[in-house]
Structure formats: C-alpha cells, structure tokens
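Structure file model_3.txt; described as compact mmCIF, C-alpha atoms and all ligand atoms.
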# COMPACT_ATOMS: atom_id res chain seq x y z
CA MET A 1 -177.61 153.47 5.45
CA ALA A 2 -175.52 156.43 4.45
CA PHE A 3 -175.23 158.07 7.83
CA ASN A 4 -171.54 158.83 7.50
CA LYS A 5 -169.46 161.67 8.90
CA LYS A 6 -170.81 164.11 6.32
CA GLU A 7 -174.45 163.37 7.12
CA ARG A 8 -173.85 163.36 10.87
CA ASP A 9 -172.03 166.71 10.67
CA ILE A 10 -174.99 168.35 8.96
CA PHE A 11 -177.11 167.63 12.01
CA LYS A 12 -174.30 168.34 14.49
CA ASP A 13 -173.81 171.76 12.90
CA GLU A 14 -177.48 172.54 13.18
CA LEU A 15 -177.53 171.51 16.84
CA ASN A 16 -174.46 173.66 17.50
CA ASN A 17 -176.15 176.61 15.87
CA ILE A 18 -179.13 176.14 18.19
CA ARG A 19 -176.79 175.96 21.21
CA ASN A 20 -174.79 179.01 20.13
CA ALA A 21 -177.98 181.00 19.65
CA GLY A 22 -178.78 180.22 23.29
CA ILE A 23 -182.10 178.61 22.43
CA PHE A 24 -181.26 174.96 23.09
CA LYS A 25 -184.06 173.38 25.10
CA ASP A 26 -183.14 171.06 27.95
CA GLU A 27 -185.71 168.85 29.60
CA ARG A 28 -186.09 169.16 33.35
CA ILE A 29 -186.71 165.66 34.66
CA ILE A 30 -189.60 165.54 37.13
CA CYS A 31 -189.78 162.50 39.38
CA THR A 32 -193.11 163.14 41.10
CA PRO A 33 -196.70 163.51 39.87
CA GLN A 34 -197.55 166.91 38.37
CA ASP A 35 -198.47 169.27 41.21
CA SER A 36 -197.85 172.68 42.78
CA GLU A 37 -194.71 171.23 44.32
CA ILE A 38 -192.55 168.84 42.32
CA LYS A 39 -189.17 167.15 42.60
CA VAL A 40 -186.87 167.90 39.71
CA GLU A 41 -183.56 166.40 38.66
CA PHE A 42 -181.58 168.94 36.65
CA PRO A 43 -179.23 168.47 35.01
CA ALA A 44 -179.82 164.73 34.63
CA GLY A 45 -178.04 162.88 37.44
CA ALA A 46 -177.96 165.92 39.74
CA GLU A 47 -179.48 165.81 43.19
CA LYS A 48 -183.28 165.95 43.17
CA LYS A 49 -184.61 169.34 44.19
CA SER A 50 -188.04 170.21 45.55
CA LEU A 51 -189.58 173.16 43.67
CA ILE A 52 -192.75 175.20 43.70
CA ASN A 53 -194.13 174.84 40.20
CA MET A 54 -195.07 178.18 38.64
CA CYS A 55 -195.12 177.08 34.99
CA SER A 56 -197.59 174.26 34.42
CA ASN A 57 -200.92 174.39 32.60
CA ASN A 58 -202.47 172.51 35.52
CA TYR A 59 -204.77 175.49 36.08
CA LEU A 60 -207.45 173.65 38.07
CA GLY A 61 -205.05 171.38 39.93
CA LEU A 62 -206.77 168.28 38.54
CA SER A 63 -203.79 166.60 36.86
CA SER A 64 -203.09 164.41 39.87
CA HIS A 65 -206.39 164.77 41.72
CA PRO A 66 -207.23 161.51 43.58
CA GLU A 67 -210.75 161.30 42.12
CA VAL A 68 -209.40 161.76 38.61
CA VAL A 69 -206.74 159.11 39.15
CA LYS A 70 -209.42 156.77 40.53
CA ALA A 71 -211.62 157.37 37.49
CA ALA A 72 -208.67 156.63 35.23
CA ILE A 73 -208.07 153.30 36.99
CA LYS A 74 -211.76 152.44 36.71
CA GLY A 75 -211.69 153.26 33.00
CA LEU A 76 -208.65 151.10 32.58
CA GLU A 77 -210.35 148.19 34.31
CA ASN A 78 -213.73 148.56 32.61
CA ARG A 79 -212.76 149.54 29.07
CA GLY A 80 -209.19 148.31 28.74
CA TYR A 81 -205.88 149.98 27.94
CA GLY A 82 -205.81 150.56 24.19
CA MET A 83 -208.28 150.52 21.33
CA SER A 84 -205.85 149.66 18.54
CA SER A 85 -208.01 151.55 16.07
CA VAL A 86 -208.92 154.95 14.77
CA ARG A 87 -212.37 156.21 15.74
CA PHE A 88 -214.35 155.26 12.63
CA ILE A 89 -213.14 151.65 12.26
CA CYS A 90 -213.47 150.15 15.76
CA GLY A 91 -212.19 152.88 18.06
CA THR A 92 -215.38 154.45 19.39
CA GLN A 93 -216.64 153.30 22.79
CA ASP A 94 -219.71 154.42 24.70
CA ILE A 95 -217.44 156.56 26.89
CA HIS A 96 -216.07 158.46 23.88
CA LYS A 97 -219.62 159.46 22.95
CA GLU A 98 -220.38 160.25 26.59
CA LEU A 99 -217.36 162.58 26.79
CA GLU A 100 -218.27 164.29 23.51
CA ASN A 101 -221.80 164.92 24.77
CA MET A 102 -220.50 166.25 28.07
CA LEU A 103 -218.14 168.65 26.29
CA THR A 104 -221.02 169.86 24.09
CA GLU A 105 -223.11 170.49 27.18
CA PHE A 106 -220.26 172.15 29.08
CA LEU A 107 -219.12 174.41 26.23
CA GLY A 108 -222.69 175.27 25.26
CA THR A 109 -222.32 174.20 21.63
CA GLU A 110 -224.25 171.95 19.22
CA ASP A 111 -221.86 169.01 18.87
CA THR A 112 -218.29 167.91 19.64
CA ILE A 113 -215.70 165.63 18.05
CA LEU A 114 -212.65 164.39 19.95
CA PHE A 115 -209.17 164.50 18.44
CA PRO A 116 -205.94 162.92 19.71
CA SER A 117 -204.85 166.46 20.72
CA CYS A 118 -205.82 170.09 20.16
CA MET A 119 -202.83 170.32 17.84
CA ASP A 120 -204.57 167.66 15.75
CA ALA A 121 -207.94 169.42 16.02
CA ASN A 122 -206.36 172.60 14.67
CA ALA A 123 -204.43 170.69 12.02
CA GLY A 124 -207.58 168.96 10.79
CA VAL A 125 -210.50 171.34 11.02
CA PHE A 126 -209.71 174.03 8.43
CA GLU A 127 -208.74 171.62 5.68
CA ALA A 128 -211.90 169.61 6.32
CA ILE A 129 -214.39 172.48 6.07
CA LEU A 130 -212.86 175.12 3.74
CA ASN A 131 -211.80 175.30 0.10
CA GLU A 132 -210.16 177.70 -2.38
CA GLN A 133 -213.22 179.97 -2.45
CA ASP A 134 -212.90 180.71 1.28
CA VAL A 135 -210.61 182.88 3.37
CA MET A 136 -209.07 182.38 6.83
CA ILE A 137 -208.37 185.67 8.61
CA SER A 138 -206.26 185.06 11.70
CA ASP A 139 -204.88 187.14 14.56
CA ARG A 140 -201.12 187.48 14.10
CA LEU A 141 -200.39 185.90 17.48
CA VAL A 142 -202.38 182.67 17.14
CA HIS A 143 -200.87 179.45 18.47
CA ALA A 144 -198.38 177.50 16.34
CA SER A 145 -200.85 174.62 15.89
CA ILE A 146 -203.32 177.01 14.22
CA VAL A 147 -200.57 178.29 11.96
CA ASP A 148 -199.94 174.69 10.90
CA GLY A 149 -203.65 174.01 10.39
CA ILE A 150 -203.87 177.07 8.15
CA ARG A 151 -200.86 175.85 6.18
CA LEU A 152 -202.57 172.53 5.51
CA CYS A 153 -205.71 174.16 4.12
CA LYS A 154 -206.19 175.35 0.53
CA ALA A 155 -208.37 178.33 1.45
CA GLN A 156 -206.88 181.81 1.06
CA THR A 157 -205.15 183.31 4.08
CA ASP A 158 -204.87 186.73 5.63
CA THR A 159 -204.00 188.09 9.07
CA TYR A 160 -204.88 191.05 11.26
CA LYS A 161 -202.69 192.85 13.80
CA HIS A 162 -203.02 191.37 17.27
CA SER A 163 -206.48 192.16 18.67
CA ASN A 164 -206.76 195.16 16.33
CA MET A 165 -210.45 195.36 15.45
CA ASN A 166 -210.08 198.16 12.90
CA HIS A 167 -207.57 196.10 11.03
CA LEU A 168 -209.80 193.01 11.22
CA GLU A 169 -212.72 195.03 9.85
CA LYS A 170 -210.62 196.22 6.91
CA LYS A 171 -209.69 192.62 6.14
CA LEU A 172 -213.33 191.53 6.31
CA GLN A 173 -214.22 194.28 3.82
CA LEU A 174 -211.33 193.29 1.59
CA HIS A 175 -212.59 189.70 1.43
CA SER A 176 -216.29 190.42 1.08
CA ASP A 177 -216.46 188.37 -2.14
CA LYS A 178 -215.37 185.07 -0.57
CA ARG A 179 -217.76 182.11 -0.12
CA LEU A 180 -216.88 181.69 3.57
CA LYS A 181 -214.86 184.04 5.77
CA VAL A 182 -213.49 182.66 9.03
CA ILE A 183 -212.08 184.87 11.78
CA ILE A 184 -209.50 182.85 13.70
CA THR A 185 -208.19 183.66 17.19
CA ASP A 186 -206.97 182.20 20.44
CA GLY A 187 -209.33 182.83 23.38
CA ILE A 188 -206.46 183.55 25.78
CA PHE A 189 -203.08 184.21 24.19
CA SER A 190 -200.56 182.01 25.91
CA MET A 191 -197.50 184.27 26.07
CA ASP A 192 -199.22 187.46 27.30
CA GLY A 193 -202.27 185.98 29.01
CA ASP A 194 -204.53 188.54 27.33
CA MET A 195 -208.01 187.75 26.03
CA ALA A 196 -209.41 188.11 22.51
CA LYS A 197 -212.11 190.78 22.18
CA LEU A 198 -214.73 188.18 21.39
CA ASP A 199 -217.71 190.50 21.80
CA GLU A 200 -216.32 192.85 19.15
CA ILE A 201 -215.19 189.96 16.97
CA VAL A 202 -218.69 188.46 17.05
CA GLY A 203 -220.12 191.91 16.23
CA LEU A 204 -217.90 192.19 13.17
CA ALA A 205 -218.68 188.60 12.18
CA GLU A 206 -222.40 189.41 12.24
CA LYS A 207 -221.89 192.62 10.27
CA TYR A 208 -219.79 190.96 7.56
CA ASN A 209 -221.24 187.43 7.61
CA ALA A 210 -218.14 185.66 8.84
CA LEU A 211 -217.68 182.55 10.95
CA VAL A 212 -215.77 182.77 14.25
CA PHE A 213 -213.14 180.24 15.33
CA VAL A 214 -211.72 180.34 18.87
CA ASP A 215 -209.00 178.10 20.32
CA ASP A 216 -209.80 178.13 24.04
CA SER A 217 -207.02 175.83 25.24
CA HIS A 218 -205.88 178.34 27.88
CA ALA A 219 -209.44 179.08 29.06
CA SER A 220 -211.67 175.98 28.99
CA GLY A 221 -212.61 175.03 32.52
CA PHE A 222 -211.76 178.26 34.33
CA ILE A 223 -212.54 181.45 32.38
CA GLY A 224 -216.07 182.88 32.55
CA LYS A 225 -218.68 182.65 35.29
CA THR A 226 -218.92 178.86 35.23
CA GLY A 227 -215.59 178.20 33.53
CA LYS A 228 -216.94 177.50 30.05
CA GLY A 229 -214.30 179.72 28.51
CA THR A 230 -213.74 183.10 26.89
CA HIS A 231 -217.11 182.98 25.10
CA GLU A 232 -218.82 182.89 28.48
CA PHE A 233 -216.60 185.69 29.84
CA CYS A 234 -217.38 187.87 26.81
CA ASN A 235 -221.13 187.10 26.81
CA VAL A 236 -221.14 185.43 23.41
CA LEU A 237 -222.23 181.92 24.39
CA GLY A 238 -223.72 180.11 21.40
CA LYS A 239 -222.21 182.64 18.98
CA ILE A 240 -218.83 181.02 18.39
CA ASP A 241 -219.15 178.70 15.38
CA ILE A 242 -216.02 176.64 16.03
CA ILE A 243 -214.28 176.14 19.38
CA THR A 244 -211.19 174.01 19.65
CA THR A 245 -209.70 173.16 23.01
CA THR A 246 -207.44 170.71 24.80
CA LEU A 247 -207.85 168.16 27.56
CA GLY A 248 -204.13 168.59 28.13
CA LYS A 249 -204.24 171.71 30.28
CA ALA A 250 -206.92 172.52 32.89
CA LEU A 251 -209.14 169.55 32.00
CA GLY A 252 -207.01 166.85 33.59
CA GLY A 253 -203.83 167.59 31.71
CA ALA A 254 -203.34 164.17 30.10
CA SER A 255 -204.02 164.52 26.38
CA GLY A 256 -206.75 164.90 23.82
CA GLY A 257 -208.51 167.78 22.14
CA CYS A 258 -211.74 168.56 20.36
CA VAL A 259 -213.61 170.61 17.83
CA SER A 260 -216.91 171.80 19.26
CA GLY A 261 -219.48 173.99 17.56
CA ARG A 262 -222.01 173.97 14.74
CA ALA A 263 -223.40 170.46 14.21
CA GLU A 264 -222.75 170.36 10.47
CA ILE A 265 -219.16 171.51 10.86
CA VAL A 266 -218.50 168.81 13.47
CA GLU A 267 -220.11 166.20 11.22
CA ILE A 268 -217.90 167.21 8.30
CA CYS A 269 -214.88 166.77 10.58
CA ARG A 270 -216.09 163.22 11.30
CA GLN A 271 -216.21 162.59 7.56
CA LYS A 272 -213.03 164.37 6.47
CA ALA A 273 -210.65 165.57 9.19
CA ARG A 274 -207.44 163.65 8.62
CA PRO A 275 -206.07 163.46 12.21
CA TYR A 276 -209.48 162.08 13.23
CA LEU A 277 -209.55 159.54 10.41
CA PHE A 278 -205.91 158.49 10.48
CA SER A 279 -204.66 158.74 14.07
CA ASN A 280 -205.53 156.49 16.97
CA THR A 281 -208.49 157.10 19.24
CA ILE A 282 -207.97 158.63 22.72
CA PRO A 283 -207.37 155.73 25.15
CA PRO A 284 -210.24 154.75 27.49
CA VAL A 285 -208.19 155.59 30.58
CA VAL A 286 -207.91 159.22 29.47
CA VAL A 287 -211.55 159.42 28.40
CA SER A 288 -212.78 158.10 31.77
CA ALA A 289 -210.64 160.57 33.68
CA ALA A 290 -211.78 163.47 31.48
CA ILE A 291 -215.43 162.57 32.18
CA LYS A 292 -214.65 162.77 35.91
CA VAL A 293 -212.95 166.16 35.40
CA LEU A 294 -216.07 167.56 33.74
CA GLU A 295 -218.22 166.14 36.55
CA ILE A 296 -216.01 167.82 39.16
CA ILE A 297 -215.97 171.25 37.52
CA SER A 298 -219.68 171.17 36.64
CA LYS A 299 -220.64 170.56 40.29
CA ASN A 300 -219.33 173.89 41.58
CA THR A 301 -216.78 176.60 40.79
CA ASP A 302 -214.64 176.07 43.92
CA ARG A 303 -211.44 175.35 41.99
CA LYS A 304 -211.92 178.21 39.57
CA ASP A 305 -212.66 180.56 42.49
CA LYS A 306 -209.52 179.48 44.31
CA LEU A 307 -207.48 179.95 41.15
CA GLU A 308 -208.83 183.49 40.77
CA LYS A 309 -207.99 184.32 44.39
CA SER A 310 -204.46 183.01 43.97
CA THR A 311 -204.02 184.90 40.72
CA GLU A 312 -205.15 188.12 42.38
CA PHE A 313 -202.76 187.59 45.31
CA TRP A 314 -199.92 186.86 42.90
CA ARG A 315 -200.56 189.80 40.56
CA ASN A 316 -200.98 192.24 43.45
CA GLY A 317 -197.88 190.98 45.22
CA LEU A 318 -195.71 191.36 42.13
CA ASN A 319 -197.16 194.76 41.28
CA GLU A 320 -196.70 196.07 44.80
CA ALA A 321 -193.11 194.85 44.84
CA GLY A 322 -192.51 196.91 41.72
CA PHE A 323 -192.24 194.34 38.94
CA ILE A 324 -193.57 195.16 35.48
CA VAL A 325 -196.42 192.68 35.09
CA LYS A 326 -198.59 192.23 32.00
CA ASP A 327 -202.23 192.97 32.74
CA GLY A 328 -204.88 190.40 31.97
CA GLU A 329 -207.83 188.34 33.18
CA SER A 330 -206.09 184.97 33.11
CA PRO A 331 -203.85 183.00 35.48
CA ILE A 332 -201.00 183.56 33.03
CA VAL A 333 -198.89 186.28 34.66
CA PRO A 334 -195.83 187.40 32.67
CA ILE A 335 -193.13 189.40 34.46
CA MET A 336 -191.35 191.59 31.94
CA LEU A 337 -187.53 191.65 31.97
CA PHE A 338 -186.96 192.66 28.29
CA ASN A 339 -183.38 191.37 28.14
CA ALA A 340 -182.98 187.70 27.10
CA LYS A 341 -179.96 186.91 29.27
CA LEU A 342 -181.55 188.56 32.29
CA SER A 343 -184.61 186.31 31.82
CA GLN A 344 -182.36 183.23 31.84
CA ASP A 345 -180.30 184.38 34.85
CA PHE A 346 -183.47 185.28 36.73
CA ALA A 347 -184.97 181.85 36.05
CA GLN A 348 -181.77 180.13 37.22
CA ASP A 349 -181.78 182.14 40.45
CA LEU A 350 -185.41 181.22 40.97
CA TYR A 351 -184.47 177.59 40.51
CA ASN A 352 -181.76 177.93 43.15
CA GLU A 353 -184.39 179.43 45.48
CA GLY A 354 -186.70 176.46 44.90
CA ILE A 355 -189.05 178.12 42.42
CA TYR A 356 -189.67 176.66 38.99
CA ALA A 357 -190.48 179.18 36.25
CA ILE A 358 -189.16 179.59 32.74
CA GLY A 359 -187.67 182.62 31.03
CA PHE A 360 -188.94 183.19 27.49
CA PHE A 361 -187.21 185.26 24.85
CA PHE A 362 -186.97 185.58 21.08
CA PRO A 363 -188.14 183.73 19.00
CA VAL A 364 -190.79 182.48 21.45
CA VAL A 365 -191.73 186.11 22.15
CA ALA A 366 -190.85 189.27 20.18
CA LYS A 367 -187.29 190.66 20.34
CA GLY A 368 -186.74 192.82 23.44
CA GLN A 369 -189.79 191.31 25.15
CA ALA A 370 -188.05 188.67 27.27
CA ARG A 371 -189.96 187.65 30.35
CA ILE A 372 -190.60 185.10 33.05
CA ARG A 373 -194.03 183.62 32.46
CA THR A 374 -195.72 182.43 35.64
CA GLN A 375 -198.93 180.41 35.71
CA LEU A 376 -201.17 179.90 38.70
CA SER A 377 -202.90 176.68 39.68
CA ALA A 378 -205.78 175.87 41.99
CA SER A 379 -203.35 173.46 43.63
CA HIS A 380 -201.17 176.32 44.90
CA GLU A 381 -201.60 177.00 48.61
CA LYS A 382 -201.07 180.47 50.04
CA PRO A 383 -197.79 179.66 51.87
CA GLN A 384 -196.34 178.35 48.61
CA LEU A 385 -197.24 181.56 46.80
CA GLU A 386 -195.81 183.60 49.65
CA ARG A 387 -192.55 181.69 49.40
CA ALA A 388 -192.48 182.17 45.65
CA LEU A 389 -193.19 185.88 45.99
CA ASP A 390 -190.37 186.28 48.53
CA ALA A 391 -187.99 184.60 46.11
CA PHE A 392 -189.05 186.85 43.23
CA ILE A 393 -188.56 189.94 45.37
CA LYS A 394 -185.16 188.78 46.62
CA ILE A 395 -183.95 188.21 43.07
CA GLY A 396 -185.63 191.37 41.80
CA LYS A 397 -183.58 193.29 44.38
CA LYS A 398 -180.41 191.47 43.39
CA TYR A 399 -180.82 192.64 39.79
CA ASP A 400 -182.10 196.05 40.89
CA ILE A 401 -185.18 195.97 38.67
CA LEU A 402 -187.90 196.72 41.24
CA LYS A 403 -189.87 199.95 40.86
CA LYS A 404 -188.04 200.66 37.64
CA THR A 405 -189.53 201.65 34.31
CA LYS A 406 -189.06 199.62 31.19
CA GLU A 407 -186.58 202.21 29.93
CA GLU A 408 -184.57 202.05 33.15
CA ILE A 409 -184.33 198.26 33.01
CA ILE A 410 -183.26 198.40 29.38
CA GLU A 411 -180.69 201.05 30.25
CA ILE A 412 -179.06 198.66 32.74
CA TYR A 413 -179.29 195.44 30.76
CA GLY A 414 -179.78 196.42 27.14
CA LEU A 415 -182.06 194.54 24.80
C1 LIG A 501 -201.54 173.94 24.26
C2 LIG A 501 -202.25 174.47 23.10
C3 LIG A 501 -202.58 173.65 22.01
C4 LIG A 501 -202.11 172.23 21.92
O1 LIG A 501 -202.90 171.39 22.69
P1 LIG A 501 -202.53 169.83 22.72
O2 LIG A 501 -203.81 169.18 23.09
O3 LIG A 501 -201.46 169.67 23.73
O4 LIG A 501 -202.09 169.47 21.34
C5 LIG A 501 -203.31 174.20 20.98
N1 LIG A 501 -203.69 175.50 21.00
C6 LIG A 501 -203.37 176.32 22.02
C7 LIG A 501 -203.83 177.74 21.99
C8 LIG A 501 -202.64 175.83 23.09
O5 LIG A 501 -202.30 176.65 24.08
Using structure tokens, write down the structure that the file contains.
Ligand SMILES: *Cc1c(COP(=O)(O)O)cnc(C)c1O
Amino acid sequence: MAFNKKERDIFKDELNNIRNAGIFKDERIICTPQDSEIKVEFPAGAEKKSLINMCSNNYLGLSSHPEVVKAAIKGLENRGYGMSSVRFICGTQDIHKELENMLTEFLGTEDTILFPSCMDANAGVFEAILNEQDVMISDRLVHASIVDGIRLCKAQTDTYKHSNMNHLEKKLQLHSDKRLKVIITDGIFSMDGDMAKLDEIVGLAEKYNALVFVDDSHASGFIGKTGKGTHEFCNVLGKIDIITTTLGKALGGASGGCVSGRAEIVEICRQKARPYLFSNTIPPVVVSAAIKVLEIISKNTDRKDKLEKSTEFWRNGLNEAGFIVKDGESPIVPIMLFNAKLSQDFAQDLYNEGIYAIGFFFPVVAKGQARIRTQLSASHEKPQLERALDAFIKIGKKYDILKKTKEEIIEIYGL
C-alpha cells in the first residue's frame, strides 16, 4: 500500500492532461431501456431529459424488443443465470451449440465458435492460427480490437492504405514467400460507414493465395439482401475464410461475439484461442435471446427494409439541407464539421434540442476530420427522424454551415 501523494499525483496529472486536451469522456446516464427515444441524466444529478437517440448500434431495433426480452426470461428460467465455467470445462450448454449452428447457417459459413465478445474473438483468433512464418496484412483503418489481436500474434505484420487495392496488391507481392498471408479488414468501417471492397479483395486473395478476414460487426444482420453482411452485399458468400462479428450491435445488443468460417480454423480456435479457453462462457440468458434474434431476422427482412428506408430519408434530408455528409451504403451517416470544437458545440446544441448524437474528433478520427456521427435504427419512426432533421437544420443555420463547401467551413472555424 504505497498509494501516497506522489503516486496519486501521477494519475491526477494524467487525468488533467486528458481533460486539458478536451478528450475526457463523460458517461451519459440513461435511465430507460435502449431505444430510439431514451431518458438521459446529464450531468449526473441533472434533470432527466427525453432524447431521440441517433448514436446507438441498435441497428435493427431489437435491443429491447418484447420477443427478445421474453426469450431472455425463458432462457433464464430454463438454463439458469450463470455457468460459472469457461466453455471447455463445464460451460457449454445445448443452447450454446444451437446458437453456433444458427450463426453458421445465417452467415453462410462452415462452422462458428462463440467468444465473450468480438473484442475477444479478434484478440484470440490470429494468435491461435498463425505463426512467425505467416503475415497479417491489414487495412490501416481496422477496428482497435483487431489492432490488439494483431499485437498479440507472433506472425509478421504489414498494412495497406485504407481500401487501396493497388497498395494491397503490392503488399501481397512483397510477401509472396510467406506460409500464410491473411488480408484483414472491417466489413463496414465504423467512423465513415464505408464498405470494404470485398469483391476486389477476394479477387486479389485468389490471385495471390491469401486468406481473407472480415470483421462484420457493423454489418451482420442488416447489410446484404438478407442481412448476412458485407460478403452477401459484395457477392462473395462462402469466399471469406474468417468472419468475426458481435452480438452486441444489431443482433440484440447485449454481448458476445464469434469467429465464423473455415471449419478447421474454427476448430483450432476451440483448441487454442485464449479468450475462449480462459474467459467465462456467454450466459444462457444472452444466448437464448440471441437465438430469438436470429429467428426474427431469418423470418423476413422487414426490419432491415425499414432501416434502409430511414437511412435514405435521413441521408437525403441532410444532403438537401446542405450538410456535407459522407457517402456510403450503411446506416452510419457522418456529418462533416472538420473543426473539433464545432463538433462539440454542435452536439451540445443537439442535446439541448432533444437529440442525442456525439461529436468525434482527433484522435478518434483524423485531425481536421471532426464530425457528428449519426446512426439509424429500425426502431426510429418517421416523426422522430423529422424532429431530428429539423434540429440539425436549425443548428446548421445557427453556425452558418449549410450549403457551404469544406473550404468555406474551415475558413470560418479553422481546423
Ligand atoms: C464494436 C466492434 C467490436 C467489438 O465488439 P464487442 O462484441 O462489443 O467486443 C469489434 N470490431 C468492430 C469492427 C466493432 O465495431
């Protein structure tokens, strides 16, 4: 116990540095279920405010769906609360296998292994299947959990410029002597909402004998004709060797992740992946609810269709009003403001207008690329989106950024 003034000050200084840099993260306290409209208490102790939620990953609106909640309760009653074990000792129930099989069927792969989270799936998979003779070639904008997974693996590493296929090809040529080459990408990139060029990536993988890894956390359940993900959208079903994804976004939003793909790769994860071997199994209540989620979205594409309609309305509305909106095929719709302080002021004004969205700036996105990232949900109703759009336009007018070019906005606010 040597937590004296000196030790405490080390941490206090670091926290002050974070505050002074303007990147201190406060938690907004929500006191309702997750939904398109939530009640938020911010700052803590302040009056609760009702807000339209434009920043959740609840893409299909299933996080608080009555049927999902009912399935969770049933799972709780039939299979108990906790398993008190990792999977391979005494933590695998019939429903865990059922969910793995359903994910395999849904994603169109050969086999699936559940992990406590997608972060854990990404942390475990590379180290389990690759060694020093192999190379991991990743897009420069992959998710932080992939970056960590790569760090934990002894294989060689390289990167290619974001979605730059010429650069990727050069790297594949450079590493032609390696035992295994793995191309690593997100399916949908979370900050821009853009999609990996999976058809071209698969083409290059075939030409240079590489494996393809896709993290489809921001796509599983709602991208592609039947919502299987970016591999369905890009017509490369069955050609992605390793898919990781999360149950924590569109697929119920609770927690859990998986590695799905080639049967032998999944089996090696069962033998060797450390987060699978050494972290607790997903609780039955979550597994039961996730099974229900897959049942709901396999029945029809109603939720996905509604999400697409809402996204179109939202994108068109913002574009017509004169905002600079990042193009893309996903329900992630970033509104570019470029200046960091402007993104924070804009978000605060939105909050005052009853709209909940977050401003992102460096280091979460590149310098001079500050933005408000909005995300659509199948739980949004048209009047809510109309209200949100009105608020955006009102604030856009206040800051005089409508129908302005990037250069004009930067001229007013700087970078
Ligand atoms: C959200 C996300 C994760 C983390 O998923 P969890 O299941 O919450 O750990 C991993 N990868 C990507 C691309 C994500 O967007």
### Task
Step by step, measure atom-to-atom distances between ligand LIG 501 (chain A) and each residue using all atoms listed in the file, keep those at most 6 Å, then write them as a VMD selection string.
chain A and resid 117 to 119 143 145 186 190 215 217 to 218 246 248 255 to 257
#### Entry: Nearby residues (only C-alpha atoms) at most 12 Å from Tyr81 (chain A), same-chain spacing under 4 positions excluded, as a PyMOL selection string
chain A and resi 72-77+281-288
### Message
Quick one: residues within 12 Å of Asn131 (chain A), all atoms listed in the file, excluding same-chain residues fewer than 5 positions away - as a PyMOL selection string?
### Response
chain A and resi 125-126+136+150+152-157+178-182
#### Entry: Straight-line distance linking CA of Ser50 (chain A) with CA of Glu27 (chain A), stated in Å to one decimal
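Those two atoms sit 16.2 Å apart.
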### Message
Counting all atoms listed in the file, which residue out of A:Gly221, A:Pro363, A:Gly396, A:Gly354 sits closest to Val40 (chain A)?
### Response
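Looking at the shortest contact to Val40 (chain A), the residue is A:Gly354.
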### Query
With only C-alpha atoms as the basis for distance, which of A:Glu127, A:Asp9, A:Asp241, A:Glu407 is at the shortest distance from Phe213 (chain A)?
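Answer, going by the shortest atom-to-atom distance: A:Asp241.
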Please identify all polymer residues within 10 Å of Gly328 (chain A), counting all atoms listed in the file, omitting same-chain residues fewer than 2 positions from it, and present them as a compact mmCIF listing (two decimals) with C-alpha atoms, keeping the file's coordinate frame.
# COMPACT_ATOMS: atom_id res chain seq x y z
CA ILE A 188 -206.46 183.55 25.78
CA ASP A 192 -199.22 187.46 27.30
CA GLY A 193 -202.27 185.98 29.01
CA ASP A 194 -204.53 188.54 27.33
CA MET A 195 -208.01 187.75 26.03
CA ARG A 315 -200.56 189.80 40.56
CA VAL A 325 -196.42 192.68 35.09
CA LYS A 326 -198.59 192.23 32.00
CA SER A 330 -206.09 184.97 33.11
CA PRO A 331 -203.85 183.00 35.48
CA ILE A 332 -201.00 183.56 33.03
CA VAL A 333 -198.89 186.28 34.66
CA PRO A 334 -195.83 187.40 32.67
### Task
Kindly give the distance, in Å, that separates CA of Arg151 (chain A) and CA of Gln173 (chain A), rounded to a single decimal.
22.9 Å
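Closest approach to Met336 (chain A) from the set A:Lys170, A:Pro275, A:Pro66, A:Ile410 is made by A:Ile410, with distances taken over only C-alpha atoms.
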Can you take the partial region 45-50 of chain A, add all heavy atoms, and return it as a PDB file, in the coordinates of the input?
ATOM      1  N   GLY A  45    -179.046 163.451  36.546  1.00  0.00           N
ATOM      2  CA  GLY A  45    -178.040 162.880  37.440  1.00  0.00           C
ATOM      3  C   GLY A  45    -177.771 163.750  38.651  1.00  0.00           C
ATOM      4  O   GLY A  45    -177.189 163.295  39.633  1.00  0.00           O
ATOM      5  N   ALA A  46    -178.174 165.034  38.601  1.00  0.00           N
ATOM      6  CA  ALA A  46    -177.960 165.920  39.740  1.00  0.00           C
ATOM      7  C   ALA A  46    -178.894 165.523  40.883  1.00  0.00           C
ATOM      8  O   ALA A  46    -179.816 164.737  40.700  1.00  0.00           O
ATOM      9  CB  ALA A  46    -178.205 167.370  39.333  1.00  0.00           C
ATOM     10  N   GLU A  47    -178.641 166.113  42.037  1.00  0.00           N
ATOM     11  CA  GLU A  47    -179.480 165.810  43.190  1.00  0.00           C
ATOM     12  C   GLU A  47    -180.906 166.316  42.941  1.00  0.00           C
ATOM     13  O   GLU A  47    -181.096 167.389  42.362  1.00  0.00           O
ATOM     14  CB  GLU A  47    -178.898 166.512  44.415  1.00  0.00           C
ATOM     15  CG  GLU A  47    -179.369 165.923  45.734  1.00  0.00           C
ATOM     16  CD  GLU A  47    -178.861 166.726  46.924  1.00  0.00           C
ATOM     17  OE1 GLU A  47    -177.732 167.273  46.832  1.00  0.00           O
ATOM     18  OE2 GLU A  47    -179.598 166.812  47.915  1.00  0.00           O
ATOM     19  N   LYS A  48    -181.887 165.540  43.367  1.00  0.00           N
ATOM     20  CA  LYS A  48    -183.280 165.950  43.170  1.00  0.00           C
ATOM     21  C   LYS A  48    -183.600 167.135  44.061  1.00  0.00           C
ATOM     22  O   LYS A  48    -183.223 167.171  45.223  1.00  0.00           O
ATOM     23  CB  LYS A  48    -184.225 164.791  43.512  1.00  0.00           C
ATOM     24  CG  LYS A  48    -184.108 163.612  42.582  1.00  0.00           C
ATOM     25  CD  LYS A  48    -185.086 162.517  42.968  1.00  0.00           C
ATOM     26  CE  LYS A  48    -185.006 161.332  42.029  1.00  0.00           C
ATOM     27  NZ  LYS A  48    -183.689 160.679  41.964  1.00  0.00           N
ATOM     28  N   LYS A  49    -184.320 168.108  43.468  1.00  0.00           N
ATOM     29  CA  LYS A  49    -184.610 169.340  44.190  1.00  0.00           C
ATOM     30  C   LYS A  49    -186.120 169.550  44.241  1.00  0.00           C
ATOM     31  O   LYS A  49    -186.808 169.359  43.249  1.00  0.00           O
ATOM     32  CB  LYS A  49    -183.935 170.494  43.460  1.00  0.00           C
ATOM     33  CG  LYS A  49    -183.800 171.760  44.265  1.00  0.00           C
ATOM     34  CD  LYS A  49    -182.901 172.747  43.509  1.00  0.00           C
ATOM     35  CE  LYS A  49    -183.065 174.159  44.005  1.00  0.00           C
ATOM     36  NZ  LYS A  49    -182.622 174.407  45.361  1.00  0.00           N
ATOM     37  N   SER A  50    -186.619 169.940  45.413  1.00  0.00           N
ATOM     38  CA  SER A  50    -188.040 170.210  45.550  1.00  0.00           C
ATOM     39  C   SER A  50    -188.340 171.652  45.134  1.00  0.00           C
ATOM     40  O   SER A  50    -187.688 172.581  45.600  1.00  0.00           O
ATOM     41  CB  SER A  50    -188.462 169.982  47.003  1.00  0.00           C
ATOM     42  OG  SER A  50    -189.862 169.945  47.074  1.00  0.00           O
TER      43      SER A  50
END
